[in-house]
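To start, the structure under review is shown below, and the notes come after it.
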Amino acid sequence: MKENYLLIPGPAPIPHTVAQAMSTKMFNHRGPRFKELITELTASLKRVFQTEGRLFILTASGTGAMEAAIVNFLSPGEKVISLVNGSFGDRLASIAAIYGAEVERMETAWGQPLDYRGLEAKLKKDTEQAIRAITVVHNESSTGMINDLEMISRIRGDHPALLIVDTVSSMGAVELPVDRLGVDVCFTGSQKALLLPPGLSFISASERAWEAAARSKMPKFYFDLSKAQEYLEKGQTPFTPALPQCVALQEGLRIYFTEVQESHYARHRRMAAAIRAAARALRLELLVKEERYASPTVTAVMKPPQVNVDQLREVMRNRFGVEIAGGQGPLEGQVFRFGHLGAVTELDLVAGIAALELSLQALGYPVEPGCAVSAAERVIRAG
Ligand code: PLP
């Protein structure tokens with residue numbers, strides 16, 4: 001029997017009590033049990049986000065929350081700066097453009113740092129304050145780069161542009177104080193670092209963002225947060241919520257707060273350092289070169305010339321039961337990605353690294369047996 005090691009950038013493995021919680025009997029989503037549940041969940045998620053602002057639970061994947069983050073706070077014709085250095089930054093910019101925002105993309109090559117200086121210059125030049133929002137992906141899962149949110153927040157400074165941030169693959173894995181960072185709209189998905197199955201997403205809004213929402217003229221129906229607010233006041237959601245996921249969320253957050261929060265951050269950091277050390281021991285190039293931009297949850301490794309990424313993934317899956325991801329967009333066929341988030345343990349990752357060594361060797365790339373495993377172990381041992 002092969003184990004199934006899920007080392008992709010989400011959905012991530014979940015604790016078994018969270019999986020069990022999903023087998024709940026159904027109950028009335030307009031009754032007292034749900035009212036109590038949504039009240040508790042909303043308060044707990046505000047603690048995760050470290051926000052005193054508004055927070056809504058959406059029955060939708062992360063992309064639904066991306067759409068909600070655009071259509072509720074902007075109007076057609078409004079100027080938006082979209083920072084792009086990967087596929088999800090590109091998606092957020094595209095959604096804004098589709099709904100009629102005047103999007104200016106500040107794009108750098110995928111896997112390269114954002115143009116922080118360029119952003120600073122653009123905002124300085126905007127003396128009429130025509131820029132209404134800045135969109136950015138905190139942790140770009142397509143490249144394994146964590147963008148510098150502190151820096152973006154500092155650069156935005158007193159400019160009134162809303163800071164709209166995708167934290168789909170970082171929330172829960174790193175310290176992310178939404179209010180302290182001045183993030184106006186922040187959203188994440190359930191299936192990444194928060195120990196939950198897919199199906200829900202969570203979005204917060206600052207008071208400034210909420211004022212902008214009152215003026216927003218973009219079309220919306222399912223993701224209309226003013227409706228969500230109205231129903232939340234009654235302890236409900238406007239539409240039928242994914243009840244099993246909501247019950248699982250209660251258990252996931254219980255584990256998150258009682259067992260893991262601080263150690264969860266440290267474990268993600270260690271796992272990122274371990275896989276990076278393993279790649280170096282294998283003489284493989286990392287897509288993200290600078291340590292300070294290394295994502296705690298996803299690592300992209302350049303493939304060696306003689307190895308085909310699809311074949312590598314196939315051998316790892318079929319022979320060892322290890323699932324890793326390939327590249328996206330321009331990186332397809334160029335990189336493979338390890339996800340190390342959620343309930344993935346250091347031991348799971350070491351098993352994945354052992355499978356990588358064996359699979360590379362099987363595909364003709366010379367490997368000194370154990371070199372990557374031992375490099376990863378040294379990082380883990382150092383704590
Ligand atoms: N943003 C980021 C950074 C992601 O990693 C993902 C999914 O991988 C999404 C957005 C989209 O989320 P979903 O696939 O849940 O719609």
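Ligands are numbered from 1 in the order shown, chains are lettered A, B, ... in the order of the structure tokens, and residues start at 1 in each chain.
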
Can you work out which residues are within 9 Å of ligand 1, considering only C-alpha atoms and all ligand atoms, and then hand them over as number ranges by chain? A: 9-11, 60-66, 87-89, 91-92, 137-142, 166-170, 187-192, 198-201

Strand (DSSP E) positions in segment 102-178 of chain A, given as a PyMOL selection string: chain A and resi 102-107+131-137+139-140+145-146+162-166

Expected file contents, prior selection, N, CA, C and O atoms, as a JSON list (two decimals), in the first residue's frame:
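The resulting file, out_25.json, is shown below:
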```json
[["chain", "number", "residue", "atom", "x", "y", "z"],
["A", 102, "GLU", "N", -10.03, 50.68, -14.69],
["A", 102, "GLU", "CA", -8.94, 51.07, -15.59],
["A", 102, "GLU", "C", -7.66, 50.56, -14.95],
["A", 102, "GLU", "O", -7.09, 51.21, -14.06],
["A", 103, "VAL", "N", -7.26, 49.37, -15.36],
["A", 103, "VAL", "CA", -6.16, 48.68, -14.66],
["A", 103, "VAL", "C", -4.81, 49.02, -15.28],
["A", 103, "VAL", "O", -4.62, 48.87, -16.49],
["A", 104, "GLU", "N", -3.90, 49.45, -14.44],
["A", 104, "GLU", "CA", -2.52, 49.58, -14.90],
["A", 104, "GLU", "C", -1.72, 48.46, -14.24],
["A", 104, "GLU", "O", -1.60, 48.41, -13.01],
["A", 105, "ARG", "N", -1.23, 47.55, -15.07],
["A", 105, "ARG", "CA", -0.44, 46.43, -14.54],
["A", 105, "ARG", "C", 1.00, 46.85, -14.36],
["A", 105, "ARG", "O", 1.62, 47.33, -15.31],
["A", 106, "MET", "N", 1.52, 46.65, -13.17],
["A", 106, "MET", "CA", 2.96, 46.83, -12.98],
["A", 106, "MET", "C", 3.51, 45.42, -12.86],
["A", 106, "MET", "O", 3.47, 44.82, -11.79],
["A", 107, "GLU", "N", 3.97, 44.91, -14.00],
["A", 107, "GLU", "CA", 4.33, 43.49, -14.06],
["A", 107, "GLU", "C", 5.84, 43.31, -14.09],
["A", 107, "GLU", "O", 6.54, 43.98, -14.83],
["A", 131, "ILE", "N", -5.71, 57.24, -8.26],
["A", 131, "ILE", "CA", -5.58, 55.78, -8.07],
["A", 131, "ILE", "C", -6.47, 55.37, -6.91],
["A", 131, "ILE", "O", -6.32, 55.86, -5.79],
["A", 132, "ARG", "N", -7.41, 54.48, -7.18],
["A", 132, "ARG", "CA", -8.38, 54.11, -6.14],
["A", 132, "ARG", "C", -8.00, 52.84, -5.40],
["A", 132, "ARG", "O", -8.50, 52.60, -4.30],
["A", 133, "ALA", "N", -7.18, 52.01, -6.02],
["A", 133, "ALA", "CA", -6.81, 50.77, -5.34],
["A", 133, "ALA", "C", -5.50, 50.21, -5.88],
["A", 133, "ALA", "O", -5.12, 50.48, -7.02],
["A", 134, "ILE", "N", -4.83, 49.46, -5.01],
["A", 134, "ILE", "CA", -3.64, 48.70, -5.40],
["A", 134, "ILE", "C", -3.99, 47.24, -5.13],
["A", 134, "ILE", "O", -4.46, 46.91, -4.03],
["A", 135, "THR", "N", -3.80, 46.38, -6.12],
["A", 135, "THR", "CA", -4.05, 44.96, -5.86],
["A", 135, "THR", "C", -2.71, 44.21, -5.86],
["A", 135, "THR", "O", -1.82, 44.51, -6.66],
["A", 136, "VAL", "N", -2.61, 43.26, -4.95],
["A", 136, "VAL", "CA", -1.37, 42.48, -4.88],
["A", 136, "VAL", "C", -1.65, 41.11, -4.27],
["A", 136, "VAL", "O", -2.56, 40.97, -3.44],
["A", 137, "VAL", "N", -0.90, 40.13, -4.71],
["A", 137, "VAL", "CA", -0.97, 38.79, -4.12],
["A", 137, "VAL", "C", 0.18, 38.69, -3.12],
["A", 137, "VAL", "O", 1.34, 38.89, -3.49],
["A", 139, "ASN", "N", 1.31, 36.01, -1.26],
["A", 139, "ASN", "CA", 2.16, 34.83, -1.49],
["A", 139, "ASN", "C", 1.79, 34.26, -2.86],
["A", 139, "ASN", "O", 0.71, 33.69, -3.02],
["A", 140, "GLU", "N", 2.64, 34.46, -3.84],
["A", 140, "GLU", "CA", 2.33, 34.05, -5.21],
["A", 140, "GLU", "C", 2.58, 32.54, -5.33],
["A", 140, "GLU", "O", 3.71, 32.10, -5.47],
["A", 145, "MET", "N", 6.91, 32.82, -4.39],
["A", 145, "MET", "CA", 7.48, 34.09, -3.91],
["A", 145, "MET", "C", 6.53, 34.78, -2.94],
["A", 145, "MET", "O", 5.35, 34.93, -3.25],
["A", 146, "ILE", "N", 7.05, 35.17, -1.79],
["A", 146, "ILE", "CA", 6.23, 35.96, -0.87],
["A", 146, "ILE", "C", 6.60, 37.43, -1.07],
["A", 146, "ILE", "O", 7.76, 37.81, -0.99],
["A", 162, "LEU", "N", -7.09, 52.07, -1.86],
["A", 162, "LEU", "CA", -7.33, 50.88, -1.03],
["A", 162, "LEU", "C", -6.26, 49.84, -1.33],
["A", 162, "LEU", "O", -5.87, 49.65, -2.48],
["A", 163, "LEU", "N", -5.82, 49.16, -0.29],
["A", 163, "LEU", "CA", -4.86, 48.07, -0.46],
["A", 163, "LEU", "C", -5.66, 46.76, -0.43],
["A", 163, "LEU", "O", -6.24, 46.39, 0.60],
["A", 164, "ILE", "N", -5.72, 46.11, -1.60],
["A", 164, "ILE", "CA", -6.52, 44.88, -1.75],
["A", 164, "ILE", "C", -5.54, 43.71, -1.88],
["A", 164, "ILE", "O", -4.75, 43.66, -2.83],
["A", 165, "VAL", "N", -5.57, 42.78, -0.92],
["A", 165, "VAL", "CA", -4.50, 41.77, -0.86],
["A", 165, "VAL", "C", -5.05, 40.35, -0.84],
["A", 165, "VAL", "O", -5.90, 39.99, -0.01],
["A", 166, "ASP", "N", -4.53, 39.55, -1.75],
["A", 166, "ASP", "CA", -4.80, 38.12, -1.81],
["A", 166, "ASP", "C", -3.83, 37.42, -0.85],
["A", 166, "ASP", "O", -2.61, 37.48, -1.05]]
```

Show which residues sit within 6 Å of segment 275-291 of chain A, as a list in words. Count only C-alpha atoms, and ignore same-chain residues fewer than 3 positions away. Gly111, Ala272, Ala294, Ala300, Val301, Met302, Ala372, Ala375 and Ala376 of chain A

Would you pick out the contacts of Ala109 of chain A at 9 Å or less, using only C-alpha atoms, so that residues sharing its chain but fewer than 6 positions from it are not included, and give the list as a PyMOL selection string? chain A and resi 84-86

I want to know what sits within 12 Å of segment 256-261 of chain A, based on only C-alpha atoms, with residues of the same chain fewer than 6 positions away left out; could you give that as a PyMOL selection string? chain A and resi 14-15+18+44-45+47-48+171-176+193-196+249-250+267-268+342-343

Let's have the selection written as a PDB file, in the first residue's frame, with C-alpha atoms.
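As a result, out21.pdb now contains:
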```pdb
ATOM      1  CA  ILE A  14      -6.264  18.302   6.763  1.00  0.00           C
ATOM      2  CA  PRO A  15      -6.353  16.777  10.269  1.00  0.00           C
ATOM      3  CA  VAL A  18     -11.575  18.101  10.552  1.00  0.00           C
ATOM      4  CA  SER A  44     -12.492  33.436  15.315  1.00  0.00           C
ATOM      5  CA  LEU A  45     -11.589  34.351  11.757  1.00  0.00           C
ATOM      6  CA  ARG A  47      -8.584  36.713  15.271  1.00  0.00           C
ATOM      7  CA  VAL A  48      -6.811  34.830  12.474  1.00  0.00           C
ATOM      8  CA  MET A 171      -2.995  33.415   5.800  1.00  0.00           C
ATOM      9  CA  GLY A 172      -2.431  31.109   8.754  1.00  0.00           C
ATOM     10  CA  ALA A 173       1.128  30.182   7.761  1.00  0.00           C
ATOM     11  CA  VAL A 174       2.737  33.525   8.593  1.00  0.00           C
ATOM     12  CA  GLU A 175       2.081  36.386  10.959  1.00  0.00           C
ATOM     13  CA  LEU A 176      -0.298  38.603   8.976  1.00  0.00           C
ATOM     14  CA  ALA A 193      -2.709  26.815   5.456  1.00  0.00           C
ATOM     15  CA  LEU A 194      -5.813  26.877   7.633  1.00  0.00           C
ATOM     16  CA  LEU A 195      -6.214  23.087   8.006  1.00  0.00           C
ATOM     17  CA  LEU A 196      -9.530  23.025   6.111  1.00  0.00           C
ATOM     18  CA  LEU A 249     -14.090  25.211   9.952  1.00  0.00           C
ATOM     19  CA  GLN A 250     -15.068  25.196  13.600  1.00  0.00           C
ATOM     20  CA  ARG A 267       6.999  24.757  10.966  1.00  0.00           C
ATOM     21  CA  HIS A 268       6.134  26.429   7.659  1.00  0.00           C
ATOM     22  CA  GLY A 342      -1.600  23.065   6.195  1.00  0.00           C
ATOM     23  CA  ALA A 343      -1.282  19.728   7.950  1.00  0.00           C
TER      24      ALA A 343
END
```

All residues 9 Å or closer to Arg269 of chain A, only C-alpha atoms, same chain fewer than 4 positions away omitted, as a ChimeraX atom specification: /A:173-174,264-265,273-274,295-297

Close residues, Leu225 of chain A itself excluded, 7 Å, only C-alpha atoms, min 3 positions apart in chain, as a list in words: Asn72, Ala228 and Gln229 of chain A

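Of the residues listed (A:Ser359, A:Thr237, A:Gln334, A:Ser82), A:Gln334 shows the shortest atom-to-atom separation from Lys303 of chain A; distances use only C-alpha atoms.
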
In Å, rounded to a single decimal, give me how far atom CA of Glu262 of chain A is from atom CA of Val350 of chain A. 21.7 Å

May I ask for the distance between atom CA of Ala68 of chain A and atom CA of Phe223 of chain A, given in Å to one decimal place? 5.3 Å

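Atom CA of Pro330 of chain A is positioned 27.5 Å from atom CA of Glu120 of chain A.
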
Restricting the calculation to only C-alpha atoms: of A:Gly326, A:Pro366, A:Pro113, A:Gly144, which residue gets closest to His340 of chain A?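 Checking each of A:Gly326, A:Pro366, A:Pro113, A:Gly144 against His340 of chain A, counting only C-alpha atoms, the winner is A:Gly144.
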
Restricting the calculation to only C-alpha atoms: of A:Leu356, A:Val379, A:Cys371, A:Ala362, which residue gets closest to Leu7 of chain A? A:Leu356

Using only C-alpha atoms, which residue out of A:Val298, A:Leu349, A:Ile255, A:Met316 lies closest to Ile380 of chain A? A:Leu349

Check the smallest atom-to-atom distance from each of A:Glu67, A:Asp126, A:Asp179, A:Glu251 to His16 of chain A using only C-alpha atoms, then report the winner. A:Glu251
